[in-house]
Structure formats: structure tokens, C-alpha cells
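Following: one structure in C-alpha cells, then a few remarks.
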Amino acid sequence: MESESVGIMSDKSKQFGEQYDANVYSSYRKDTPVELIEKIIDFLKEKVPEPLETAVDVGCGNGQSTVILAPYFKQVHGSDVSEAQIEQAKANRSLSNVTYAAGPAEKLPFCDGSVQLLTAATALHWFDLDTFLPEARRVLCVNGVMAVYGYLNMKPLFENPTRAKEVDELFDKYCKVLEPHHVMSKVSILQNRYKDVKFPFEEVNRCPDVRCCFEGKLPDVVNYVSTWSGYQNFKKVDNKGAEELLDYFRKRLYEIGATCSVSPEDSVTLYRDFQLILCRKTKDGSFAR
Ligand SMILES: C[S@@+](CC[C@H](N)C(=O)[O-])C[C@H]1O[C@@H](n2cnc3c(N)ncnc32)[C@H](O)[C@@H]1O
């Protein structure tokens with residue numbers, strides 16, 4: 001790897017090493033839903049014939065968003081600036097056609113036009129977009145696809161509108177306390193549904209929210225909000241304050257659950273609303289508009 005990228009990497013790796021506890025993240029974040037991946041693959045297959053060759057997952061974290069691509073491609077590569085995340089991915093999500101390496105999204109170790117699918121799962125908001133977006137375009141082949149997706153919340157699906165509103169209010173309150181600890185310039189890109197991002201591709205398909213549900217428990221929701229970088233940052237400066245905030249979140253969520261006869265031990269439907277942007281490069285060279 002060239003010295004410049006090592007420089008970028010050690011800075012960013014340090015930054016993200018501080019923001020993410022790879023173990024906490026790995027245990028409490030749910031896998032990428034298959035239905036979302038199938039939407040992406042269907043879009044790719046509209047213009048790229050099978051068999052599919054190469055996919056790259058940038059900001060792959062512990063590999064959750066990487067291994068899900070393995071059944072569709074001959075070769076899948078996961079890259080992340082955090083060495084701790086890459087170690088987790090290698091240890092826990094190893095498959096014969098999947099490789100992992102630490103590296104910044106802004107400098108990808110691939111030849112021009114060599115990648116058919118590039119995914120960034122709940123990660124784009126962390127990248128330096130002025131550098132990353134042309135780099136993504138460079139590595140993609142003609143008709144190759146960049147799929148950017150992310151979600152902000154994982155909530156219990158309560159049919160009763162009053163209970164649903166109470167859950168929304170609880171999340172709003174939790175977010176408000178964490179606001180000073182979030183890197184807001186980053187998180188707001190995702191909160192604004194990537195609306196402010198100009199994707200340098202001929203085709204840009206901003207899909208309506210994709211709601212993905214699964215069966216879980218209320219403690220899964222508490223664990224999930226504890227993985228937010230804002231919460232982890234708060235914990236570093238005020239461990240007691242952060243624990244009190246999480247205790248409050250837990251107590252209130254369980255109270256709301258109790259009014260629907262859902263206890264922390266019960267199975268309950270949890271949902272995530274994914275924002276998905278599908279970009280296709282239909283011409284060689286840099287993007288001109
Ligand atoms: C919220 S996590 C998402 C992980 C994974 N894609 C998933 O869906 O579970 C964001 C990841 O982006 C990585 N990241 C942040 N900045 C990066 C950069 N400039 N280059 C590569 N990875 C980066 C972080 O280390 C972290 O693992």
C-alpha cells in the first residue's frame with residue numbers, strides 16, 4: 001500500500017477506533033436484510049450479465065454487510081479503515097470467496113473498471129465524499145452499480161398509534177441528549193436521506209424507504225441505541241451520565257411495551273427503514289454534467 005494511503009488510514013483508523021467499540025458493534029447490530037440486497041442485485045443484473053464477478057463493500061465494519069453478498073459473486077472484498085473491525089470480520093465472518101483488508105474508502109486498491117458492485121452500508125456519511133465518490137466511480141466497470149444504504153433507527157412495531165408515537169418521542173429525546181456528542185456534520189447526511197449528496201453517476205435512483213422487519217426483543221433495541229457513536233462518545237466523557245441516559249431509555253421503552261402487554265422477554269416485531277440509493281455508471285471516464 002502506498003504511503004499516502006497509510007497516512008490517511010492511520011489517522012482515520014484512530015478516529016474510528018475511538019468512536020466504535022468493535023465488540024459492542026458486532027454483538028448489537030443486526031445483519032443486513034436479504035430483501036434489501038436482492039433489490040440491489042436485481043438492479044445490477046438489469047445491465048450486467050451473470051455470472052457476477054466482483055463486489056466490494058466499503059466501510060464493511062465487522063463484515064455483516066459483506067458476507068451477505070457472497071452468494072451472488074465469485075469474489076467479494078470487504079474494506080474498512082478500522083483495523084479492529086477488520087479483525088472481527090476475519091475472525092467471525094470468513095467465507096471462501098470473501099477477503100477483508102483494512103484501508104480507507106477514499107483510496108481503493110482496485111484497478112479502473114474492475115468492480116461490478118460497490119456497497120456502502122451505513123457508512124457513506126463517514127467518508128470524505130469529495131475523494132470517495134470519484135474513487136468509487138473509477139473502480140466501477142461500465143454498467144457497474146454503487147449501492148448506498150443506511151438506517152438510523154431500529155424500533156418496535158407497535159400497531160397502536162399512541163404507543164408508536166411514544167416510541168418516536170423516546171428516540172427523539174435520546175437523540176437530543178446525544179446531539180453534542182454526535183459528529184453532526186456526518187450523521188446529518190444520513191438524517192437528510194443523502195439528499196444533499198450529488199452522486200457522480202449517469203443514473204441515480206433514490207428509492208423510497210425500504211422497511212425491513214424481523215422478530216426480536218425490546219432489549220435488542222436498547223443494545224442497538226448503545227452502539228450509536230454519539231452514545232459511545234458520551235460514555236467516554238461522562239460514563240455515569242451515559243449509563244443514566246441508557247437506563248432511562250430502557251425503563252421508558254419497557255413501560256411503553258408493558259402498556260401493549262409486551263415484556264422484555266417477549267418476542268416482538270422490530271423494524272428498520274432503510275434509505276437506498278442505487279447509482280449506475282453507464283459511461284467510461286469521469287462524470288460530466
Ligand atoms: C456504522 S459502521 C457500518 C458497518 C457495516 N457496513 C454494517 O453495515 O454493519 C461504519 C463503518 O465505516 C467505517 N469507516 C468510517 N470511515 C471510513 C473511511 N474513511 N474508510 C473506510 N471505512 C470507514 C467505520 O470504521 C465503521 O466500521
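By order in the C-alpha cells, chains are A, B, ...; within a chain, residues start at 1; ligands start at 1, following the order shown.
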Item to check | Given 7 Å and only C-alpha atoms and all ligand atoms, residues near ligand 1 as a PyMOL selection string | outcome: chain A and resi 12-13+16+29+31-32+58-65+79-82+85+103-106+120-123+126-128
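Once stretch 258-274 of chain A and its same-chain neighbours fewer than 3 positions away are set aside, Tyr149, Gly150, Tyr151, Leu152, Asn153, Met154, Lys155, Pro156, Leu157, Phe158, Arg163, Asp209, Val210, Arg211, Cys212, Cys213, Phe214, Glu215, Gly216, Lys217, Leu218, Pro219, Tyr254 and Glu255 of chain A remain within 8 Å of it when counting only C-alpha atoms.
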Next, the residues of the selection above should be written as a PDB file, in the first residue's frame with N, CA and C atoms.
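Written file, result26.pdb:
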```
ATOM      1  N   TYR A 149     -26.624   2.518   1.233  1.00  0.00           N
ATOM      2  CA  TYR A 149     -27.834   2.379   2.048  1.00  0.00           C
ATOM      3  C   TYR A 149     -27.512   2.585   3.518  1.00  0.00           C
ATOM      4  N   GLY A 150     -28.550   2.868   4.255  1.00  0.00           N
ATOM      5  CA  GLY A 150     -28.336   3.090   5.679  1.00  0.00           C
ATOM      6  C   GLY A 150     -29.660   3.219   6.396  1.00  0.00           C
ATOM      7  N   TYR A 151     -29.604   3.079   7.696  1.00  0.00           N
ATOM      8  CA  TYR A 151     -30.804   3.281   8.514  1.00  0.00           C
ATOM      9  C   TYR A 151     -30.361   3.971   9.783  1.00  0.00           C
ATOM     10  N   LEU A 152     -31.288   4.692  10.367  1.00  0.00           N
ATOM     11  CA  LEU A 152     -30.937   5.406  11.591  1.00  0.00           C
ATOM     12  C   LEU A 152     -31.532   4.743  12.822  1.00  0.00           C
ATOM     13  N   ASN A 153     -32.682   4.128  12.644  1.00  0.00           N
ATOM     14  CA  ASN A 153     -33.379   3.607  13.815  1.00  0.00           C
ATOM     15  C   ASN A 153     -33.814   2.165  13.656  1.00  0.00           C
ATOM     16  N   MET A 154     -33.867   1.502  14.776  1.00  0.00           N
ATOM     17  CA  MET A 154     -34.458   0.170  14.825  1.00  0.00           C
ATOM     18  C   MET A 154     -35.470   0.238  15.968  1.00  0.00           C
ATOM     19  N   LYS A 155     -36.756   0.110  15.621  1.00  0.00           N
ATOM     20  CA  LYS A 155     -37.798   0.353  16.622  1.00  0.00           C
ATOM     21  C   LYS A 155     -38.772  -0.824  16.690  1.00  0.00           C
ATOM     22  N   PRO A 156     -39.461  -0.976  17.833  1.00  0.00           N
ATOM     23  CA  PRO A 156     -40.528  -1.994  17.874  1.00  0.00           C
ATOM     24  C   PRO A 156     -41.730  -1.493  17.087  1.00  0.00           C
ATOM     25  N   LEU A 157     -42.362  -2.408  16.387  1.00  0.00           N
ATOM     26  CA  LEU A 157     -43.525  -2.037  15.575  1.00  0.00           C
ATOM     27  C   LEU A 157     -44.782  -2.210  16.416  1.00  0.00           C
ATOM     28  N   PHE A 158     -45.245  -1.145  17.040  1.00  0.00           N
ATOM     29  CA  PHE A 158     -46.486  -1.207  17.819  1.00  0.00           C
ATOM     30  C   PHE A 158     -47.627  -0.695  16.942  1.00  0.00           C
ATOM     31  N   ARG A 163     -48.871   4.373  21.056  1.00  0.00           N
ATOM     32  CA  ARG A 163     -47.622   3.719  21.521  1.00  0.00           C
ATOM     33  C   ARG A 163     -46.491   3.997  20.531  1.00  0.00           C
ATOM     34  N   ASP A 209     -38.204   4.575   1.076  1.00  0.00           N
ATOM     35  CA  ASP A 209     -37.735   3.765   2.223  1.00  0.00           C
ATOM     36  C   ASP A 209     -38.085   2.285   2.046  1.00  0.00           C
ATOM     37  N   VAL A 210     -37.143   1.449   2.375  1.00  0.00           N
ATOM     38  CA  VAL A 210     -37.400   0.007   2.328  1.00  0.00           C
ATOM     39  C   VAL A 210     -37.542  -0.458   3.779  1.00  0.00           C
ATOM     40  N   ARG A 211     -38.757  -0.818   4.160  1.00  0.00           N
ATOM     41  CA  ARG A 211     -38.976  -1.245   5.557  1.00  0.00           C
ATOM     42  C   ARG A 211     -38.646  -2.730   5.709  1.00  0.00           C
ATOM     43  N   CYS A 212     -37.740  -3.048   6.613  1.00  0.00           N
ATOM     44  CA  CYS A 212     -37.356  -4.442   6.841  1.00  0.00           C
ATOM     45  C   CYS A 212     -37.679  -4.788   8.290  1.00  0.00           C
ATOM     46  N   CYS A 213     -38.426  -5.877   8.466  1.00  0.00           N
ATOM     47  CA  CYS A 213     -38.863  -6.281   9.812  1.00  0.00           C
ATOM     48  C   CYS A 213     -38.218  -7.603  10.204  1.00  0.00           C
ATOM     49  N   PHE A 214     -38.077  -7.811  11.468  1.00  0.00           N
ATOM     50  CA  PHE A 214     -37.621  -9.110  11.969  1.00  0.00           C
ATOM     51  C   PHE A 214     -38.115  -9.280  13.406  1.00  0.00           C
ATOM     52  N   GLU A 215     -38.073 -10.487  13.888  1.00  0.00           N
ATOM     53  CA  GLU A 215     -38.515 -10.744  15.266  1.00  0.00           C
ATOM     54  C   GLU A 215     -37.343 -10.551  16.218  1.00  0.00           C
ATOM     55  N   GLY A 216     -37.571  -9.766  17.244  1.00  0.00           N
ATOM     56  CA  GLY A 216     -36.519  -9.533  18.233  1.00  0.00           C
ATOM     57  C   GLY A 216     -37.151  -9.305  19.592  1.00  0.00           C
ATOM     58  N   LYS A 217     -36.417  -8.611  20.453  1.00  0.00           N
ATOM     59  CA  LYS A 217     -36.913  -8.318  21.801  1.00  0.00           C
ATOM     60  C   LYS A 217     -36.590  -6.872  22.133  1.00  0.00           C
ATOM     61  N   LEU A 218     -37.301  -6.317  23.099  1.00  0.00           N
ATOM     62  CA  LEU A 218     -37.042  -4.913  23.454  1.00  0.00           C
ATOM     63  C   LEU A 218     -35.582  -4.668  23.874  1.00  0.00           C
ATOM     64  N   PRO A 219     -34.926  -5.589  24.604  1.00  0.00           N
ATOM     65  CA  PRO A 219     -33.514  -5.337  24.938  1.00  0.00           C
ATOM     66  C   PRO A 219     -32.625  -5.170  23.704  1.00  0.00           C
ATOM     67  N   TYR A 254     -39.544  -0.091  28.159  1.00  0.00           N
ATOM     68  CA  TYR A 254     -40.234  -1.232  28.765  1.00  0.00           C
ATOM     69  C   TYR A 254     -41.622  -0.818  29.268  1.00  0.00           C
ATOM     70  N   GLU A 255     -41.728   0.452  29.765  1.00  0.00           N
ATOM     71  CA  GLU A 255     -43.054   0.949  30.202  1.00  0.00           C
ATOM     72  C   GLU A 255     -44.020   0.975  29.020  1.00  0.00           C
TER      73      GLU A 255
END
```
As a short mmCIF file (atom, residue, chain, number, x, y, z; two decimals) with N, CA and C atoms, in the first residue's frame, please: every residue in stretch 12-97 of chain A that a backbone DSSP assignment puts in helix (DSSP H, G or I).
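Once written, part34.cif looks like this:
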```cif
data_model
loop_
_atom_site.label_atom_id
_atom_site.label_comp_id
_atom_site.auth_asym_id
_atom_site.auth_seq_id
_atom_site.Cartn_x
_atom_site.Cartn_y
_atom_site.Cartn_z
N LYS A 12 -7.52 7.95 10.19
CA LYS A 12 -8.94 7.63 10.25
C LYS A 12 -9.17 6.41 11.14
N SER A 13 -8.25 5.44 11.06
CA SER A 13 -8.41 4.25 11.87
C SER A 13 -8.45 4.64 13.34
N LYS A 14 -7.56 5.57 13.71
CA LYS A 14 -7.51 6.02 15.09
C LYS A 14 -8.84 6.69 15.45
N GLN A 15 -9.28 7.58 14.52
CA GLN A 15 -10.52 8.29 14.76
C GLN A 15 -11.68 7.32 14.99
N PHE A 16 -11.76 6.28 14.12
CA PHE A 16 -12.89 5.39 14.26
C PHE A 16 -12.69 4.35 15.33
N GLY A 17 -11.42 4.05 15.62
CA GLY A 17 -11.15 3.17 16.76
C GLY A 17 -11.72 3.81 18.01
N GLU A 18 -11.65 5.15 18.06
CA GLU A 18 -12.17 5.85 19.24
C GLU A 18 -13.69 5.88 19.25
N GLN A 19 -14.28 5.86 18.06
CA GLN A 19 -15.74 6.01 18.03
C GLN A 19 -16.49 4.70 18.13
N ALA A 22 -15.60 -2.29 18.50
CA ALA A 22 -15.94 -3.31 17.51
C ALA A 22 -16.73 -4.47 18.12
N ASN A 23 -16.44 -4.82 19.39
CA ASN A 23 -17.16 -5.93 20.00
C ASN A 23 -18.62 -5.58 20.26
N VAL A 24 -18.82 -4.37 20.82
CA VAL A 24 -20.19 -3.91 21.10
C VAL A 24 -20.96 -3.86 19.79
N TYR A 25 -20.30 -3.26 18.79
CA TYR A 25 -20.95 -3.09 17.49
C TYR A 25 -21.37 -4.44 16.91
N SER A 26 -20.44 -5.38 16.96
CA SER A 26 -20.67 -6.69 16.37
C SER A 26 -21.83 -7.41 17.03
N SER A 27 -21.92 -7.30 18.36
CA SER A 27 -22.96 -8.06 19.05
C SER A 27 -24.35 -7.45 18.87
N TYR A 28 -24.41 -6.13 18.74
CA TYR A 28 -25.71 -5.47 18.86
C TYR A 28 -26.30 -4.94 17.57
N VAL A 34 -31.80 -9.59 3.66
CA VAL A 34 -31.65 -10.19 2.33
C VAL A 34 -32.52 -9.44 1.31
N GLU A 35 -33.72 -9.01 1.74
CA GLU A 35 -34.61 -8.36 0.76
C GLU A 35 -34.00 -7.08 0.19
N LEU A 36 -33.20 -6.41 1.01
CA LEU A 36 -32.55 -5.18 0.55
C LEU A 36 -31.45 -5.53 -0.47
N ILE A 37 -30.69 -6.57 -0.16
CA ILE A 37 -29.61 -6.99 -1.06
C ILE A 37 -30.20 -7.46 -2.39
N GLU A 38 -31.35 -8.13 -2.32
CA GLU A 38 -31.93 -8.62 -3.58
C GLU A 38 -32.37 -7.48 -4.48
N LYS A 39 -32.84 -6.41 -3.90
CA LYS A 39 -33.19 -5.21 -4.68
C LYS A 39 -31.94 -4.69 -5.42
N ILE A 40 -30.83 -4.68 -4.70
CA ILE A 40 -29.58 -4.18 -5.27
C ILE A 40 -29.10 -5.09 -6.40
N ILE A 41 -29.14 -6.39 -6.15
CA ILE A 41 -28.66 -7.36 -7.14
C ILE A 41 -29.56 -7.31 -8.39
N ASP A 42 -30.86 -7.19 -8.19
CA ASP A 42 -31.77 -7.12 -9.34
C ASP A 42 -31.44 -5.91 -10.20
N PHE A 43 -31.14 -4.78 -9.55
CA PHE A 43 -30.80 -3.56 -10.29
C PHE A 43 -29.50 -3.78 -11.08
N LEU A 44 -28.52 -4.40 -10.46
CA LEU A 44 -27.25 -4.67 -11.13
C LEU A 44 -27.46 -5.58 -12.34
N LYS A 45 -28.27 -6.63 -12.13
CA LYS A 45 -28.45 -7.64 -13.19
C LYS A 45 -29.24 -7.12 -14.39
N GLN A 64 -20.76 -7.78 8.43
CA GLN A 64 -22.18 -8.12 8.33
C GLN A 64 -22.75 -7.75 6.96
N SER A 65 -22.31 -6.61 6.44
CA SER A 65 -22.84 -6.15 5.15
C SER A 65 -22.05 -6.73 3.98
N THR A 66 -21.01 -7.52 4.28
CA THR A 66 -20.13 -8.07 3.24
C THR A 66 -20.55 -9.51 2.89
N VAL A 67 -20.67 -10.35 3.92
CA VAL A 67 -20.93 -11.78 3.67
C VAL A 67 -22.27 -11.99 2.96
N ALA A 70 -21.93 -12.62 -0.66
CA ALA A 70 -21.14 -13.79 -1.10
C ALA A 70 -21.90 -14.75 -2.02
N PRO A 71 -23.20 -15.03 -1.79
CA PRO A 71 -23.87 -16.00 -2.68
C PRO A 71 -24.02 -15.53 -4.12
N TYR A 72 -23.87 -14.24 -4.35
CA TYR A 72 -24.16 -13.71 -5.69
C TYR A 72 -22.91 -13.49 -6.55
N GLU A 83 -8.91 -1.18 11.82
CA GLU A 83 -8.27 -2.50 11.86
C GLU A 83 -9.01 -3.42 12.83
N ALA A 84 -9.58 -2.84 13.91
CA ALA A 84 -10.31 -3.66 14.89
C ALA A 84 -11.53 -4.31 14.23
N GLN A 85 -12.22 -3.54 13.38
CA GLN A 85 -13.40 -4.08 12.69
C GLN A 85 -12.97 -5.19 11.72
N ILE A 86 -11.87 -4.97 11.03
CA ILE A 86 -11.40 -5.97 10.06
C ILE A 86 -11.00 -7.27 10.78
N GLU A 87 -10.39 -7.12 11.94
CA GLU A 87 -10.03 -8.33 12.73
C GLU A 87 -11.29 -9.11 13.09
N GLN A 88 -12.33 -8.38 13.51
CA GLN A 88 -13.62 -9.02 13.84
C GLN A 88 -14.19 -9.74 12.62
N ALA A 89 -14.13 -9.06 11.48
CA ALA A 89 -14.70 -9.64 10.26
C ALA A 89 -13.96 -10.93 9.90
N LYS A 90 -12.62 -10.88 9.98
CA LYS A 90 -11.83 -12.07 9.62
C LYS A 90 -12.12 -13.21 10.59
N ALA A 91 -12.28 -12.87 11.87
CA ALA A 91 -12.48 -13.92 12.88
C ALA A 91 -13.88 -14.53 12.79
N ASN A 92 -14.88 -13.71 12.51
CA ASN A 92 -16.27 -14.19 12.65
C ASN A 92 -17.04 -14.33 11.36
#
```
Item to check | DSSP-assigned strand (DSSP E or B) among stretch 48-187 of chain A, expressed as a PyMOL selection string | outcome: chain A and resi 52-58+73-80+98-102+115-121+140-150+154-156
Checklist entry - What does the distance from atom CA of A:Asp57 to atom CA of A:Ser226 come to in Å, to one decimal? => result 24.3 Å
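Minimum atom-to-atom distances from A:Leu178, A:Val167, A:Val56, A:Cys111 to A:Lys235 were compared using only C-alpha atoms, and the lowest value belongs to A:Leu178.
Atom pair atom CA of A:Asn143 / atom CA of A:Phe73 has a distance of 15.8 Å (rounded to one decimal).
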Item to check | Nearest to A:Phe199, chosen from A:Ser114, A:Thr99, A:Ser286, A:Thr54, with only C-alpha atoms counted in the distances | outcome: A:Ser286
Next on the checklist: With only C-alpha atoms as the counted atoms, please give the residues lying no more than 10 Å from stretch 46-52 of chain A, apart from itself and same-chain residues fewer than 6 positions off, as number ranges by chain.
Outcome noted: A: 71-75, 115-117, 141-145, 280, 282
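Interatomic distance, atom CA of A:Ala242 to atom CA of A:Glu169: 18.7 Å.
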Next on the checklist: So that I can check the surroundings of stretch 193-197 of chain A, please list as a PyMOL selection string every protein, DNA and RNA residue that reaches within 9 Å of it, counting only C-alpha atoms and ignoring chain neighbours fewer than 2 positions away.
Outcome noted: chain A and resi 125+129+150+188-191+199+206+275-277
Just the residues within 7 Å of stretch 248-253 of chain A, please, counting only C-alpha atoms, with nothing from its chain fewer than 4 positions along; format it as a tab-separated table (two decimals) with C-alpha atoms, in the first residue's frame.
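Result file result01.tsv:
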```
chain	number	residue	atom	x	y	z
A	222	VAL	CA	-31.66	-0.82	23.95
A	244	GLU	CA	-28.22	7.04	33.35
A	257	GLY	CA	-44.04	-2.14	25.96
```
